[in-house]
file model_31.pdb (PDB, C-alpha atoms)
ATOM      1  CA  MET L   1      -8.218   4.984 -59.497
ATOM      2  CA  LEU L   2      -6.357   2.250 -57.753
ATOM      3  CA  ARG L   3      -3.732   4.764 -56.685
ATOM      4  CA  LEU L   4      -6.425   7.036 -55.302
ATOM      5  CA  ALA L   5      -7.981   4.165 -53.346
ATOM      6  CA  ALA L   6      -4.565   3.233 -51.965
ATOM      7  CA  ALA L   7      -3.910   6.840 -50.931
ATOM      8  CA  ILE L   8      -7.271   7.052 -49.183
ATOM      9  CA  SER L   9      -6.710   3.785 -47.352
ATOM     10  CA  VAL L  10      -3.291   4.978 -46.159
ATOM     11  CA  LEU L  11      -4.871   8.150 -44.857
ATOM     12  CA  LEU L  12      -7.566   6.172 -43.068
ATOM     13  CA  VAL L  13      -4.957   3.978 -41.389
ATOM     14  CA  LYS L  14      -3.006   7.032 -40.295
ATOM     15  CA  ALA L  15      -6.123   8.669 -38.914
ATOM     16  CA  ALA L  16      -7.041   5.540 -36.998
ATOM     17  CA  THR L  17      -3.530   5.342 -35.630
ATOM     18  CA  ALA L  18      -3.621   8.942 -34.486
ATOM     19  CA  ARG L  19      -6.868   8.373 -32.611
ATOM     20  CA  ASP L  20      -5.630   5.186 -30.990
ATOM     21  CA  PRO L  21      -2.014   5.501 -29.881
ATOM     22  CA  ALA L  22      -1.766   1.882 -28.742
ATOM     23  CA  PRO L  23      -1.136   0.296 -32.150
ATOM     24  CA  LEU L  24       1.431   3.013 -32.929
ATOM     25  CA  GLN L  25       3.317   2.273 -29.730
ATOM     26  CA  GLN L  26       3.178  -1.379 -30.476
ATOM     27  CA  ARG L  27       4.408  -0.907 -34.029
ATOM     28  CA  ASP L  28       7.349   1.033 -32.661
ATOM     29  CA  GLY L  29       8.162  -1.888 -30.389
ATOM     30  CA  LYS L  30       7.571   0.016 -27.149
ATOM     31  CA  ALA L  31       6.020  -1.768 -24.229
ATOM     32  CA  GLN L  32       2.836  -0.460 -22.726
ATOM     33  CA  VAL L  33       3.532   0.461 -19.163
ATOM     34  CA  VAL L  34       1.651  -0.044 -15.942
ATOM     35  CA  ARG L  35       3.209   2.165 -13.319
ATOM     36  CA  ILE L  36       3.148   0.878  -9.745
ATOM     37  CA  GLU L  37       3.025   3.871  -7.478
ATOM     38  CA  ASN L  38       1.591   4.825  -4.105
ATOM     39  CA  PHE L  39       0.341   1.270  -3.629
ATOM     40  CA  GLY L  40      -1.708   1.179  -6.803
ATOM     41  CA  PHE L  41      -1.529   0.179 -10.484
ATOM     42  CA  GLN L  42      -1.744   3.028 -13.004
ATOM     43  CA  PRO L  43      -3.719   2.697 -15.169
ATOM     44  CA  GLU L  44      -5.924   0.324 -13.232
ATOM     45  CA  ILE L  45      -7.368  -1.021 -16.477
ATOM     46  CA  LEU L  46      -5.107  -1.411 -19.499
ATOM     47  CA  THR L  47      -6.317  -2.608 -22.892
ATOM     48  CA  VAL L  48      -3.746  -3.876 -25.386
ATOM     49  CA  PRO L  49      -3.789  -5.764 -28.665
ATOM     50  CA  ARG L  50      -2.769  -9.405 -28.781
ATOM     51  CA  GLY L  51       0.991  -9.719 -29.106
ATOM     52  CA  ALA L  52       1.673  -6.526 -27.143
ATOM     53  CA  THR L  53       4.361  -6.278 -24.515
ATOM     54  CA  VAL L  54       3.178  -4.990 -21.158
ATOM     55  CA  GLU L  55       5.653  -3.762 -18.631
ATOM     56  CA  TRP L  56       5.057  -3.122 -14.926
ATOM     57  CA  LYS L  57       7.414  -0.512 -13.503
ATOM     58  CA  ASN L  58       7.641  -0.362  -9.739
ATOM     59  CA  ALA L  59       8.134   3.248  -8.712
ATOM     60  CA  ASP L  60       7.051   2.557  -5.129
ATOM     61  CA  ILE L  61       9.160   2.277  -2.007
ATOM     62  CA  VAL L  62       8.561  -1.457  -1.499
ATOM     63  CA  PRO L  63       8.437  -4.602  -3.686
ATOM     64  CA  HIS L  64       5.151  -5.539  -5.340
ATOM     65  CA  THR L  65       3.855  -8.297  -7.608
ATOM     66  CA  ALA L  66       1.544  -8.380 -10.628
ATOM     67  CA  THR L  67      -0.189 -11.722 -10.292
ATOM     68  CA  SER L  68      -3.285 -12.829 -12.157
ATOM     69  CA  VAL L  69      -6.068 -13.701  -9.744
ATOM     70  CA  ASP L  70      -6.168 -17.256 -11.107
ATOM     71  CA  LYS L  71      -2.374 -17.371 -10.478
ATOM     72  CA  LYS L  72      -2.034 -19.187 -13.820
ATOM     73  CA  ALA L  73      -2.094 -16.549 -16.547
ATOM     74  CA  PHE L  74       0.908 -14.635 -15.187
ATOM     75  CA  ASP L  75       2.851 -14.030 -12.011
ATOM     76  CA  SER L  76       5.693 -11.550 -11.868
ATOM     77  CA  GLY L  77       7.044 -12.713  -8.533
ATOM     78  CA  GLN L  78       8.410  -9.850  -6.462
ATOM     79  CA  ILE L  79       9.277  -6.768  -8.521
ATOM     80  CA  PRO L  80      11.778  -4.829  -6.415
ATOM     81  CA  ASN L  81      11.253  -1.115  -5.880
ATOM     82  CA  GLY L  82      12.844   0.621  -8.835
ATOM     83  CA  GLY L  83      12.573  -2.592 -10.883
ATOM     84  CA  SER L  84      10.296  -3.745 -13.661
ATOM     85  CA  TRP L  85       8.838  -6.904 -15.197
ATOM     86  CA  HIS L  86       7.211  -7.521 -18.555
ATOM     87  CA  ILE L  87       5.223 -10.076 -20.489
ATOM     88  CA  THR L  88       4.147 -10.461 -24.080
ATOM     89  CA  VAL L  89       0.453 -11.240 -24.172
ATOM     90  CA  LYS L  90      -0.571 -13.907 -26.650
ATOM     91  CA  GLU L  91      -4.102 -14.900 -25.724
ATOM     92  CA  PRO L  92      -7.069 -12.530 -25.780
ATOM     93  CA  GLY L  93      -9.083 -12.166 -22.621
ATOM     94  CA  THR L  94      -9.673 -10.106 -19.512
ATOM     95  CA  PHE L  95      -7.182 -10.792 -16.771
ATOM     96  CA  GLU L  96      -7.764  -9.462 -13.292
ATOM     97  CA  TYR L  97      -4.608  -9.265 -11.277
ATOM     98  CA  GLN L  98      -3.376  -8.109  -7.895
ATOM     99  CA  CYS L  99      -0.300  -7.675  -5.776
ATOM    100  CA  THR L 100      -0.073 -10.794  -3.649
ATOM    101  CA  LEU L 101       1.807  -8.836  -0.985
ATOM    102  CA  HIS L 102      -0.870  -6.120  -0.864
ATOM    103  CA  PRO L 103      -4.117  -7.824  -1.921
ATOM    104  CA  ASN L 104      -6.045  -4.542  -2.025
ATOM    105  CA  MET L 105      -3.926  -3.487  -5.034
ATOM    106  CA  LYS L 106      -5.915  -4.613  -8.041
ATOM    107  CA  GLY L 107      -5.680  -4.122 -11.796
ATOM    108  CA  THR L 108      -7.154  -5.465 -14.997
ATOM    109  CA  LEU L 109      -5.370  -6.310 -18.228
ATOM    110  CA  VAL L 110      -7.613  -6.596 -21.273
ATOM    111  CA  VAL L 111      -6.097  -8.288 -24.338
ATOM    112  CA  ARG L 112      -8.031  -7.916 -27.595
TER     113      ARG L 112
ATOM    114  CA  MET E   1     -13.922   3.906  12.772
ATOM    115  CA  GLY E   2     -16.437   3.177  15.516
ATOM    116  CA  LEU E   3     -17.139  -0.254  14.088
ATOM    117  CA  ASN E   4     -13.473  -1.095  13.883
ATOM    118  CA  LEU E   5     -12.841  -0.028  17.405
ATOM    119  CA  ARG E   6     -15.730  -2.129  18.645
ATOM    120  CA  ARG E   7     -14.435  -5.134  16.720
ATOM    121  CA  ALA E   8     -10.964  -4.596  18.085
ATOM    122  CA  GLY E   9     -12.281  -4.103  21.555
ATOM    123  CA  THR E  10     -14.285  -7.276  21.610
ATOM    124  CA  ALA E  11     -11.438  -9.257  20.149
ATOM    125  CA  SER E  12      -8.613  -8.029  22.248
ATOM    126  CA  GLY E  13      -9.028  -4.940  24.322
ATOM    127  CA  VAL E  14      -5.623  -3.757  23.127
ATOM    128  CA  LEU E  15      -6.409  -0.273  21.991
ATOM    129  CA  LEU E  16      -3.990   1.796  23.937
ATOM    130  CA  CYS E  17      -1.989   3.008  20.953
ATOM    131  CA  ILE E  18      -5.174   4.061  19.253
ATOM    132  CA  ALA E  19      -6.029   6.105  22.298
ATOM    133  CA  GLY E  20      -2.737   7.906  21.742
ATOM    134  CA  LEU E  21      -3.619   8.783  18.182
ATOM    135  CA  THR E  22      -7.070   9.890  19.257
ATOM    136  CA  LEU E  23      -5.312  12.123  21.748
ATOM    137  CA  LEU E  24      -3.463  13.582  18.795
ATOM    138  CA  THR E  25      -6.636  14.576  16.987
ATOM    139  CA  ASN E  26      -8.138  15.923  20.192
ATOM    140  CA  GLY E  27      -4.951  17.801  20.912
ATOM    141  CA  ASN E  28      -5.221  19.514  17.592
ATOM    142  CA  ALA E  29      -8.791  20.497  18.285
ATOM    143  CA  ALA E  30      -7.549  22.131  21.471
ATOM    144  CA  GLY E  31      -5.156  24.246  19.417
ATOM    145  CA  THR E  32      -1.876  22.399  19.894
ATOM    146  CA  ALA E  33      -0.951  21.960  16.240
ATOM    147  CA  PRO E  34       2.244  19.934  15.753
ATOM    148  CA  THR E  35       5.249  21.521  14.064
ATOM    149  CA  ASP E  36       6.985  19.860  11.110
ATOM    150  CA  PRO E  37       9.728  18.312  13.296
ATOM    151  CA  GLN E  38       7.020  17.025  15.645
ATOM    152  CA  ILE E  39       5.025  15.632  12.720
ATOM    153  CA  VAL E  40       8.079  13.742  11.525
ATOM    154  CA  GLY E  41       8.653  12.558  15.101
ATOM    155  CA  ILE E  42       5.070  11.289  15.321
ATOM    156  CA  VAL E  43       5.341   9.457  11.982
ATOM    157  CA  VAL E  44       8.635   7.882  13.033
ATOM    158  CA  ALA E  45       7.141   6.758  16.354
ATOM    159  CA  ALA E  46       3.983   5.400  14.716
ATOM    160  CA  ASN E  47       6.037   3.527  12.130
ATOM    161  CA  GLN E  48       8.371   2.025  14.709
ATOM    162  CA  ILE E  49       5.448   0.883  16.839
ATOM    163  CA  ASP E  50       4.028  -1.050  13.911
ATOM    164  CA  ILE E  51       7.416  -2.523  12.996
ATOM    165  CA  ASP E  52       7.901  -3.689  16.587
ATOM    166  CA  ALA E  53       4.395  -5.158  16.732
ATOM    167  CA  GLY E  54       5.140  -6.962  13.466
ATOM    168  CA  ARG E  55       8.353  -8.422  14.869
ATOM    169  CA  LEU E  56       6.478  -9.737  17.879
ATOM    170  CA  ALA E  57       3.771 -11.241  15.650
ATOM    171  CA  VAL E  58       6.262 -12.917  13.316
ATOM    172  CA  LYS E  59       7.547 -14.794  16.365
ATOM    173  CA  LYS E  60       4.258 -15.457  18.138
ATOM    174  CA  ALA E  61       1.484 -15.775  15.566
ATOM    175  CA  LYS E  62       0.009 -19.202  15.034
ATOM    176  CA  SER E  63      -1.422 -18.652  11.577
ATOM    177  CA  GLN E  64       0.898 -18.436   8.573
ATOM    178  CA  GLN E  65      -1.406 -15.810   7.104
ATOM    179  CA  VAL E  66      -0.936 -13.628  10.165
ATOM    180  CA  ARG E  67       2.824 -14.170  10.168
ATOM    181  CA  ASP E  68       2.959 -13.165   6.482
ATOM    182  CA  PHE E  69       0.934 -10.045   7.229
ATOM    183  CA  ALA E  70       3.238  -9.182  10.118
ATOM    184  CA  GLN E  71       6.290  -9.609   7.888
ATOM    185  CA  GLN E  72       4.661  -7.309   5.344
ATOM    186  CA  MET E  73       4.182  -4.672   8.056
ATOM    187  CA  ILE E  74       7.877  -4.906   8.915
ATOM    188  CA  THR E  75       8.874  -4.558   5.251
ATOM    189  CA  ASP E  76       6.473  -1.747   4.354
ATOM    190  CA  HIS E  77       6.840   0.333   7.490
ATOM    191  CA  GLY E  78      10.583  -0.248   7.418
ATOM    192  CA  ALA E  79      10.689   1.170   3.881
ATOM    193  CA  LEU E  80       8.443   4.033   4.894
ATOM    194  CA  GLN E  81      10.643   4.728   7.892
ATOM    195  CA  LYS E  82      13.695   4.945   5.680
ATOM    196  CA  SER E  83      11.920   7.325   3.311
ATOM    197  CA  VAL E  84      10.852   9.495   6.262
ATOM    198  CA  PHE E  85      14.429   9.712   7.527
ATOM    199  CA  ASP E  86      15.691  10.430   3.993
ATOM    200  CA  LEU E  87      13.130  13.192   3.525
ATOM    201  CA  GLY E  88      13.886  14.625   6.965
ATOM    202  CA  ALA E  89      17.587  14.766   6.104
ATOM    203  CA  LYS E  90      16.858  16.355   2.728
ATOM    204  CA  LEU E  91      14.628  19.004   4.254
ATOM    205  CA  SER E  92      16.812  19.434   7.347
ATOM    206  CA  VAL E  93      13.832  18.529   9.521
ATOM    207  CA  LYS E  94      15.005  16.576  12.539
ATOM    208  CA  PRO E  95      12.363  14.346  14.155
ATOM    209  CA  GLU E  96      11.293  15.913  17.417
ATOM    210  CA  GLU E  97       9.567  14.294  20.342
ATOM    211  CA  SER E  98       6.232  15.666  21.458
ATOM    212  CA  ASP E  99       3.642  14.706  24.040
ATOM    213  CA  THR E 100       1.905  12.765  21.285
ATOM    214  CA  SER E 101       4.943  10.737  20.217
ATOM    215  CA  ARG E 102       5.821  10.035  23.868
ATOM    216  CA  SER E 103       2.247   9.005  24.569
ATOM    217  CA  LEU E 104       2.227   6.712  21.545
ATOM    218  CA  LYS E 105       5.408   5.003  22.698
ATOM    219  CA  SER E 106       4.376   4.482  26.297
ATOM    220  CA  GLN E 107       0.996   3.140  25.284
ATOM    221  CA  ALA E 108       2.581   0.872  22.694
ATOM    222  CA  GLU E 109       4.652  -0.656  25.487
ATOM    223  CA  GLU E 110       1.468  -1.512  27.345
ATOM    224  CA  THR E 111      -0.103  -2.934  24.198
ATOM    225  CA  THR E 112       2.964  -5.068  23.596
ATOM    226  CA  ALA E 113       2.841  -6.362  27.171
ATOM    227  CA  LYS E 114      -0.801  -7.388  26.683
ATOM    228  CA  LEU E 115      -0.065  -9.061  23.356
ATOM    229  CA  LYS E 116       2.840 -10.939  24.913
ATOM    230  CA  GLY E 117       0.416 -12.411  27.418
ATOM    231  CA  LEU E 118      -1.683 -13.985  24.677
ATOM    232  CA  GLU E 119      -1.012 -17.235  22.824
ATOM    233  CA  GLY E 120      -2.109 -19.050  19.675
ATOM    234  CA  ALA E 121      -5.365 -18.033  18.021
ATOM    235  CA  ALA E 122      -6.084 -15.491  20.760
ATOM    236  CA  PHE E 123      -2.850 -13.697  19.936
ATOM    237  CA  ASP E 124      -3.586 -13.791  16.193
ATOM    238  CA  LYS E 125      -7.015 -12.244  16.655
ATOM    239  CA  ALA E 126      -5.791  -9.602  19.060
ATOM    240  CA  TYR E 127      -2.841  -8.631  16.874
ATOM    241  CA  VAL E 128      -4.880  -8.371  13.668
ATOM    242  CA  ALA E 129      -7.683  -6.476  15.417
ATOM    243  CA  HIS E 130      -5.095  -4.107  16.806
ATOM    244  CA  GLU E 131      -3.569  -3.628  13.361
ATOM    245  CA  ALA E 132      -6.952  -2.816  11.818
ATOM    246  CA  ALA E 133      -7.828  -0.292  14.488
ATOM    247  CA  TYR E 134      -4.318   1.152  14.599
ATOM    248  CA  HIS E 135      -4.184   1.759  10.849
ATOM    249  CA  GLN E 136      -7.642   3.336  10.912
ATOM    250  CA  ALA E 137      -6.477   5.663  13.655
ATOM    251  CA  VAL E 138      -3.288   6.477  11.719
ATOM    252  CA  ILE E 139      -5.364   7.264   8.607
ATOM    253  CA  ASP E 140      -7.631   9.553  10.605
ATOM    254  CA  ALA E 141      -4.744  11.308  12.354
ATOM    255  CA  THR E 142      -2.802  11.706   9.107
ATOM    256  CA  SER E 143      -5.698  13.219   7.198
ATOM    257  CA  SER E 144      -7.114  15.386   9.966
ATOM    258  CA  VAL E 145      -3.977  16.548  11.782
ATOM    259  CA  LEU E 146      -0.647  15.733  10.187
ATOM    260  CA  ILE E 147      -1.374  16.720   6.570
ATOM    261  CA  PRO E 148      -3.270  19.930   7.389
ATOM    262  CA  ASN E 149      -0.536  21.063   9.797
ATOM    263  CA  ALA E 150       2.509  20.184   7.694
ATOM    264  CA  SER E 151       3.942  23.497   6.578
ATOM    265  CA  ASN E 152       6.590  22.126   4.218
ATOM    266  CA  ALA E 153       4.975  21.261   0.873
ATOM    267  CA  GLU E 154       7.207  18.240   0.302
ATOM    268  CA  LEU E 155       6.438  16.846   3.736
ATOM    269  CA  LYS E 156       2.733  17.388   3.119
ATOM    270  CA  SER E 157       2.993  15.616  -0.239
ATOM    271  CA  ALA E 158       4.905  12.694   1.304
ATOM    272  CA  LEU E 159       2.205  12.266   3.942
ATOM    273  CA  GLN E 160      -0.455  12.275   1.229
ATOM    274  CA  SER E 161       1.512   9.657  -0.714
ATOM    275  CA  ALA E 162       1.675   7.402   2.336
ATOM    276  CA  ALA E 163      -2.120   7.376   2.735
ATOM    277  CA  PRO E 164      -2.698   4.510   0.233
ATOM    278  CA  LEU E 165      -0.186   2.367   2.140
ATOM    279  CA  PHE E 166      -2.113   2.827   5.395
ATOM    280  CA  GLN E 167      -5.427   2.236   3.627
ATOM    281  CA  GLY E 168      -4.069  -0.934   1.993
ATOM    282  CA  HIS E 169      -2.847  -2.273   5.315
ATOM    283  CA  LEU E 170      -6.202  -1.504   6.897
ATOM    284  CA  GLU E 171      -8.082  -3.425   4.203
ATOM    285  CA  HIS E 172      -5.614  -6.308   4.395
ATOM    286  CA  ALA E 173      -5.999  -6.490   8.189
ATOM    287  CA  ARG E 174      -9.787  -6.354   7.944
ATOM    288  CA  ARG E 175      -9.794  -9.187   5.432
ATOM    289  CA  ILE E 176      -7.669 -11.386   7.696
ATOM    290  CA  GLN E 177      -9.791 -10.367  10.665
ATOM    291  CA  SER E 178     -12.892 -11.518   8.817
ATOM    292  CA  GLU E 179     -11.271 -14.800   7.781
ATOM    293  CA  LEU E 180     -10.048 -15.524  11.293
ATOM    294  CA  GLY E 181     -13.539 -14.803  12.604
ATOM    295  CA  SER E 182     -15.157 -17.171  10.125
ATOM    296  CA  LYS E 183     -12.963 -20.036  11.281
ATOM    297  CA  ASN E 184     -14.735 -20.160  14.628
TER     298      ASN E 184
END
call {"tool": "encode", "arguments": {"input": "model_31.pdb", "output": "structure tokens"}}
result
Amino acid sequence: MLRLAAAISVLLVKAATARDPAPLQQRDGKAQVVRIENFGFQPEILTVPRGATVEWKNADIVPHTATSVDKKAFDSGQIPNGGSWHITVKEPGTFEYQCTLHPNMKGTLVVR
Amino acid sequence: MGLNLRRAGTASGVLLCIAGLTLLTNGNAAGTAPTDPQIVGIVVAANQIDIDAGRLAVKKAKSQQVRDFAQQMITDHGALQKSVFDLGAKLSVKPEESDTSRSLKSQAEETTAKLKGLEGAAFDKAYVAHEAAYHQAVIDATSSVLIPNASNAELKSALQSAAPLFQGHLEHARRIQSELGSKN
């Protein structure tokens, strides 16, 4: 009976993982990526679990920044075109951020 | 568009370049669609005009915010200019002058002369108003004339990709314009 319960719980975990790829990516140690392209953040809103690594990849033709609006939570400084920057998020919360060089570029990072 | 032009007009009266881009849209309506080499030539001219205006503003602007914006215009339009030349070389499309590109350049010279005659806060307001109106005009011309008439798919795609840059600059300029206005 215990074995059956264990088997069911494993299945449930696998099913949950398949529906939500984020924990799987995290377990594999891959960063979740925000692509900077055409003067925008993609995805605009990214939700990650606490402890996740988030990477901003600048695929645009000019440097950009990923800077929390409060300027305290995180600030990438200039990410050169073709470059990237990453953080490991430790505290839960909703962090609105922007490119300080192009203030119309806005994104939101949600840490659960 | 109308609102921006009115704002720019009241602030500075330096709208000559915009008149050139309006000419472009009117020209298209009259059936003079630009060719791909002419489209590249127009983009190159429009870019260079904004780079040159930025260089002037970096030297003359009173406000640090305006100088930073001007520097951003130099950086962004410089990068865009390089990508336009790279794409032109890749596609073997050589930038070609047209009445529109020539008109843009000659009118930009007049705009520059007017801006050079202004100092301090008056310069800042005029430059930022010009930038807002100019980017709006570029957005309109790009969407209504350049993109529809680009025959090469890659050129068309590149023009579409540049649209967010112009839109971002427009919003940035409008924000500064509003902040400069509120300081009075």
call {"tool": "interface_residues", "arguments": {"input": "model_31.pdb", "of": "chain L", "to": "chain E", "cutoff": "9 Å", "atoms": "all atoms listed in the file", "output": "VMD selection string"}}
result
chain L and resid 38 to 40 61 to 63 101 to 105
call {"tool": "write_last_selection", "arguments": {"input": "model_31.pdb", "atoms": "C-alpha atoms", "output": "PDB file, keeping the file's coordinate frame"}}
result
ATOM      1  CA  ASN L  38       1.591   4.825  -4.105  1.00  0.00           C
ATOM      2  CA  PHE L  39       0.341   1.270  -3.629  1.00  0.00           C
ATOM      3  CA  GLY L  40      -1.708   1.179  -6.803  1.00  0.00           C
ATOM      4  CA  ILE L  61       9.160   2.277  -2.007  1.00  0.00           C
ATOM      5  CA  VAL L  62       8.561  -1.457  -1.499  1.00  0.00           C
ATOM      6  CA  PRO L  63       8.437  -4.602  -3.686  1.00  0.00           C
ATOM      7  CA  LEU L 101       1.807  -8.836  -0.985  1.00  0.00           C
ATOM      8  CA  HIS L 102      -0.870  -6.120  -0.864  1.00  0.00           C
ATOM      9  CA  PRO L 103      -4.117  -7.824  -1.921  1.00  0.00           C
ATOM     10  CA  ASN L 104      -6.045  -4.542  -2.025  1.00  0.00           C
ATOM     11  CA  MET L 105      -3.926  -3.487  -5.034  1.00  0.00           C
TER      12      MET L 105
END
call {"tool": "resolve_selection", "arguments": {"input": "model_31.pdb", "expression": "the PyMOL selection byres ((chain L and resi 97) around 8)", "output": "MDAnalysis selection string"}}
result
chainID L and resid 66:69 95:96 98:99 106:109
call {"tool": "write_last_selection", "arguments": {"input": "model_31.pdb", "atoms": "C-alpha atoms", "output": "compact mmCIF listing (two decimals), in the frame of the given file"}}
result
# COMPACT_ATOMS: atom_id res chain seq x y z
CA ALA L 66 1.54 -8.38 -10.63
CA THR L 67 -0.19 -11.72 -10.29
CA SER L 68 -3.28 -12.83 -12.16
CA VAL L 69 -6.07 -13.70 -9.74
CA PHE L 95 -7.18 -10.79 -16.77
CA GLU L 96 -7.76 -9.46 -13.29
CA GLN L 98 -3.38 -8.11 -7.90
CA CYS L 99 -0.30 -7.68 -5.78
CA LYS L 106 -5.92 -4.61 -8.04
CA GLY L 107 -5.68 -4.12 -11.80
CA THR L 108 -7.15 -5.46 -15.00
CA LEU L 109 -5.37 -6.31 -18.23
call {"tool": "atom_distance", "arguments": {"input": "model_31.pdb", "atom1": "atom CA of Pro37 of chain E", "atom2": "atom CA of Ser98 of chain E"}}
result
9.3 Å
call {"tool": "resolve_selection", "arguments": {"input": "model_31.pdb", "expression": "the PyMOL selection byres ((chain L and resi 46-54) around 6)", "output": "ChimeraX atom specification"}}
result
/L:31-33,45,55,86-90,109-112
call {"tool": "atom_distance", "arguments": {"input": "model_31.pdb", "atom1": "atom CA of Val84 of chain E", "atom2": "atom CA of Lys59 of chain E"}}
result
26.5 Å
call {"tool": "closest_residue", "arguments": {"input": "model_31.pdb", "among": "E:Lys116, E:Arg174, E:Lys94, E:Lys105", "to": "Gln136 of chain E", "atoms": "all atoms listed in the file"}}
result
E:Arg174
call {"tool": "atom_distance", "arguments": {"input": "model_31.pdb", "atom1": "atom CA of Ala113 of chain E", "atom2": "atom CA of Ala53 of chain E"}}
result
10.6 Å
call {"tool": "closest_residue", "arguments": {"input": "model_31.pdb", "among": "L:Ile36, L:Thr100, L:Phe41, L:Asp70", "to": "Ser84 of chain L", "atoms": "all atoms listed in the file"}}
result
L:Ile36
call {"tool": "closest_residue", "arguments": {"input": "model_31.pdb", "among": "E:Ile51, E:Val44, E:Leu91, E:Ala57", "to": "Ala153 of chain E", "atoms": "all atoms listed in the file"}}
result
E:Leu91
call {"tool": "resolve_selection", "arguments": {"input": "model_31.pdb", "expression": "the PyMOL selection byres ((chain L and resi 80) around 8)", "output": "short mmCIF file (atom, residue, chain, number, x, y, z; two decimals) with C-alpha atoms, in the frame of the given file"}}
result
data_model
loop_
_atom_site.label_atom_id
_atom_site.label_comp_id
_atom_site.auth_asym_id
_atom_site.auth_seq_id
_atom_site.Cartn_x
_atom_site.Cartn_y
_atom_site.Cartn_z
CA ASN L 58 7.64 -0.36 -9.74
CA VAL L 62 8.56 -1.46 -1.50
CA PRO L 63 8.44 -4.60 -3.69
CA HIS L 64 5.15 -5.54 -5.34
CA GLN L 78 8.41 -9.85 -6.46
CA ILE L 79 9.28 -6.77 -8.52
CA ASN L 81 11.25 -1.12 -5.88
CA GLY L 82 12.84 0.62 -8.84
CA GLY L 83 12.57 -2.59 -10.88
CA SER L 84 10.30 -3.74 -13.66
#
